[in-house]
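Student: data20.txt (compact mmCIF, C-alpha atoms) pasted underneath:
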# COMPACT_ATOMS: atom_id res chain seq x y z
CA MET A 1 87.47 -38.13 323.95
CA LYS A 2 90.47 -39.22 322.15
CA ARG A 3 93.31 -37.01 322.00
CA GLY A 4 94.95 -37.01 318.60
CA ARG A 5 98.46 -36.22 317.74
CA LYS A 6 99.25 -32.64 317.24
CA GLN A 7 100.13 -31.84 313.71
CA PHE A 8 103.20 -29.76 313.34
CA ARG A 9 103.29 -27.40 310.46
CA ARG A 10 106.57 -26.62 308.87
CA GLN A 11 107.48 -23.02 309.31
CA GLY A 12 110.30 -22.78 306.75
CA PHE A 13 112.97 -24.65 304.87
CA THR A 14 115.38 -27.07 306.41
CA LEU A 15 119.10 -26.45 306.26
CA ILE A 16 119.52 -29.29 303.78
CA GLU A 17 116.96 -27.76 301.41
CA VAL A 18 118.65 -24.37 301.55
CA LEU A 19 122.08 -25.90 300.94
CA LEU A 20 120.76 -27.94 298.04
CA VAL A 21 119.33 -24.84 296.39
CA LEU A 22 122.62 -22.99 296.92
CA VAL A 23 124.60 -25.85 295.36
CA ILE A 24 122.31 -25.85 292.33
CA LEU A 25 122.67 -22.08 291.95
CA VAL A 26 126.47 -22.29 292.18
CA ILE A 27 126.56 -25.01 289.53
CA LEU A 28 124.33 -22.99 287.19
CA ALA A 29 126.41 -19.84 287.72
CA SER A 30 129.62 -21.76 286.98
CA MET A 31 128.20 -23.15 283.77
CA GLY A 32 127.05 -19.68 282.76
CA GLY A 33 130.47 -18.22 283.49
CA LEU A 34 132.14 -20.90 281.42
CA PHE A 35 129.79 -20.21 278.52
CA VAL A 36 130.51 -16.47 278.71
CA ARG A 37 134.26 -17.06 278.84
CA ARG A 38 134.16 -19.30 275.75
CA ALA A 39 132.02 -16.78 273.89
CA GLN A 40 134.40 -13.97 274.84
CA GLN A 41 137.43 -15.95 273.71
CA GLY A 42 135.72 -16.68 270.37
CA ALA A 43 134.91 -13.00 269.95
CA MET A 44 138.53 -12.07 270.63
CA VAL A 45 139.76 -14.55 268.02
CA ASN A 46 137.29 -13.13 265.48
CA ALA A 47 138.43 -9.59 266.31
CA ALA A 48 142.06 -10.57 265.66
CA LYS A 49 141.11 -12.19 262.33
CA THR A 50 139.21 -9.06 261.30
CA GLN A 51 142.10 -6.80 262.24
CA ILE A 52 144.58 -8.95 260.33
CA GLY A 53 142.27 -8.78 257.31
CA SER A 54 142.28 -4.99 257.59
CA PHE A 55 146.08 -4.96 257.72
CA LYS A 56 146.21 -7.15 254.61
CA SER A 57 144.04 -4.67 252.67
CA CYS A 58 146.24 -1.78 253.75
CA ILE A 59 149.43 -3.64 252.84
CA GLU A 60 148.06 -4.48 249.40
CA THR A 61 147.33 -0.78 248.81
CA TYR A 62 150.84 0.04 250.06
CA GLN A 63 152.27 -2.51 247.62
CA LEU A 64 150.36 -0.98 244.69
CA ASP A 65 151.84 2.44 245.44
CA VAL A 66 155.37 1.52 246.51
CA ARG A 67 155.64 -1.58 244.26
CA ASN A 68 156.90 -3.83 247.03
CA TYR A 69 155.76 -4.94 250.45
CA PRO A 70 157.10 -3.40 253.66
CA THR A 71 160.28 -4.99 254.91
CA THR A 72 160.26 -6.99 258.10
CA SER A 73 162.18 -4.24 259.86
CA ALA A 74 159.67 -1.58 258.72
CA GLY A 75 156.77 -3.80 259.75
CA LEU A 76 153.23 -2.55 260.06
CA GLN A 77 154.51 0.91 260.99
CA ALA A 78 155.17 1.39 257.26
CA LEU A 79 151.41 1.83 256.94
CA LEU A 80 151.55 4.97 259.12
CA ALA A 81 154.78 6.67 258.05
CA PRO A 82 157.21 6.13 255.20
CA PRO A 83 159.95 3.76 256.30
CA GLY A 84 163.55 4.89 256.05
CA ASP A 85 164.50 1.94 253.84
CA LEU A 86 162.16 2.82 250.94
CA PRO A 87 163.95 2.73 247.57
CA ASN A 88 161.72 5.53 246.25
CA PRO A 89 160.09 7.49 249.11
CA ALA A 90 158.09 9.63 246.65
CA ARG A 91 155.92 6.58 245.88
CA TRP A 92 154.69 6.31 249.47
CA ASN A 93 151.17 7.72 249.31
CA GLY A 94 149.97 7.01 252.85
CA LYS A 95 148.84 6.99 255.54
CA TYR A 96 147.50 3.55 254.68
CA PHE A 97 145.92 2.89 258.05
CA ASP A 98 143.34 5.27 259.55
CA LEU A 99 144.46 5.17 263.18
CA LYS A 100 147.29 7.11 264.80
CA GLN A 101 149.04 3.90 265.79
CA ILE A 102 148.89 0.21 265.00
CA PRO A 103 146.53 -1.34 267.56
CA LEU A 104 147.46 -4.21 269.82
CA ASP A 105 145.78 -7.56 269.38
CA PRO A 106 142.83 -8.45 271.68
CA TRP A 107 145.28 -9.91 274.22
CA ASP A 108 147.25 -6.62 274.36
CA LYS A 109 150.24 -7.91 272.41
CA PRO A 110 151.61 -6.31 269.23
CA TYR A 111 150.74 -7.89 265.90
CA GLN A 112 153.72 -9.51 264.19
CA TYR A 113 154.78 -8.91 260.58
CA GLN A 114 157.35 -10.66 258.41
CA LEU A 115 158.23 -10.26 254.76
CA VAL A 116 158.70 -13.87 253.68
CA ASP A 117 159.93 -13.07 250.17
CA ASN A 118 159.28 -10.35 247.59
CA ASP A 119 155.75 -11.62 246.95
CA ASN A 120 154.65 -12.96 250.32
CA TYR A 121 154.27 -11.59 253.80
CA LEU A 122 152.86 -12.89 257.03
CA ILE A 123 150.88 -11.06 259.71
CA TRP A 124 149.98 -12.84 262.91
CA SER A 125 148.78 -12.49 266.45
CA LEU A 126 150.38 -14.52 269.21
CA GLY A 127 146.88 -15.58 270.27
CA PRO A 128 145.49 -16.19 273.75
CA ASP A 129 148.66 -17.75 275.18
CA GLY A 130 150.91 -14.89 274.01
CA THR A 131 153.56 -17.33 272.80
CA ASP A 132 154.89 -17.31 269.25
CA GLY A 133 154.71 -20.49 267.20
CA THR A 134 151.92 -22.24 269.07
CA GLU A 135 148.74 -23.63 267.57
CA ASP A 136 146.57 -20.79 268.88
CA ASP A 137 148.42 -18.15 266.80
CA ILE A 138 146.15 -16.37 264.33
CA ARG A 139 147.97 -16.07 261.02
CA SER A 140 147.17 -14.25 257.80
CA ASP A 141 148.16 -17.24 255.65
CA LEU A 142 145.55 -19.39 257.38
CA LEU A 143 142.65 -16.95 256.95
CA ASN A 144 140.17 -17.38 254.13
Give the structure from this file in structure tokens form.
Tutor:
Amino acid sequence: MKRGRKQFRRQGFTLIEVLLVLVILVILASMGGLFVRRAQQGAMVNAAKTQIGSFKSCIETYQLDVRNYPTTSAGLQALLAPPGDLPNPARWNGKYFDLKQIPLDPWDKPYQYQLVDNDNYLIWSLGPDGTDGTEDDIRSDLLN
């Protein structure tokens, strides 16, 4: 009788196989996290654009009543309460914005407002970096 080799059956995974699976899972989770972060950032930019559009509508209504745009010093607060520098306070027919206070942008910074001249104004968010004058600022003059 010949004795054959004993066949060993594997009873589990090797350490290399387990580590390989863990590396693959970490890579997939990282890619998923990056996708979620990009989607969130895009949603925040869209939220800022929508909010700026809402401010523009309110300011246009303000301008129809008061016959000029809010001054830079009055800012967006002029939509909530009549500013002290109004030439004719009786024309102010607000509140022009439905909330109790002007909301912060999605990055928790205040929206900026500037009266450029008698016929033009600018509303903007400082964007994700929170720094004024950078390319990630979201500006009312650049919106469609």
Student: Determine, counting only C-alpha atoms, every residue of protein, DNA or RNA that lies within 10 Å of (156.4, 7.3, 247.0) in the file coordinates, then give the result as a ChimeraX atom specification.
Tutor: /A:62,65-67,82,86-94
Student: I want to know what sits within 7 Å of segment 116-124 of chain A, based on all atoms listed in the file, with residues of the same chain fewer than 4 positions away left out; could you give that as a PDB file with C-alpha atoms, in the coordinates of the input?
Tutor:
ATOM      1  CA  ILE A  52     144.580  -8.950 260.330  1.00  0.00           C
ATOM      2  CA  ASN A  68     156.900  -3.830 247.030  1.00  0.00           C
ATOM      3  CA  TYR A 111     150.740  -7.890 265.900  1.00  0.00           C
ATOM      4  CA  GLN A 112     153.720  -9.510 264.190  1.00  0.00           C
ATOM      5  CA  ASP A 137     148.420 -18.150 266.800  1.00  0.00           C
ATOM      6  CA  ILE A 138     146.150 -16.370 264.330  1.00  0.00           C
ATOM      7  CA  ARG A 139     147.970 -16.070 261.020  1.00  0.00           C
ATOM      8  CA  SER A 140     147.170 -14.250 257.800  1.00  0.00           C
ATOM      9  CA  ASP A 141     148.160 -17.240 255.650  1.00  0.00           C
TER      10      ASP A 141
END
Student: Within 9 Å of Met44 of chain A, counting all atoms listed in the file, which residues show up once you throw out same-chain ones fewer than 4 positions away? Write them as a list in words, please.
Tutor: Ala39, Gln40, Ala48, Lys49, Asp105, Pro106, Trp107 and Pro128 of chain A
Student: Could you give me the centre and size, in Å to one decimal, of an axis-aligned box around all listed atoms of segment 35-52 of chain A with 5 Å added on every side, as lines of an AutoDock Vina configuration file?
Tutor:
center_x = 137.2
center_y = -13.5
center_z = 269.6
size_x = 24.8
size_y = 23.4
size_z = 28.5
Student: What does the distance between atom CA of Arg38 of chain A and atom CA of Ile24 of chain A come to in Å, to one decimal place?
Tutor: 21.4 Å
Student: Restricting the calculation to all atoms listed in the file, which member of A:Met31, A:Leu76, A:Ile59, A:Leu143 is positioned closest to Pro110 of chain A?
Tutor: A:Leu76
Student: So what do you get for atom CA of Leu80 of chain A versus atom CA of Gln101 of chain A, distance-wise?
Tutor: 7.2 Å
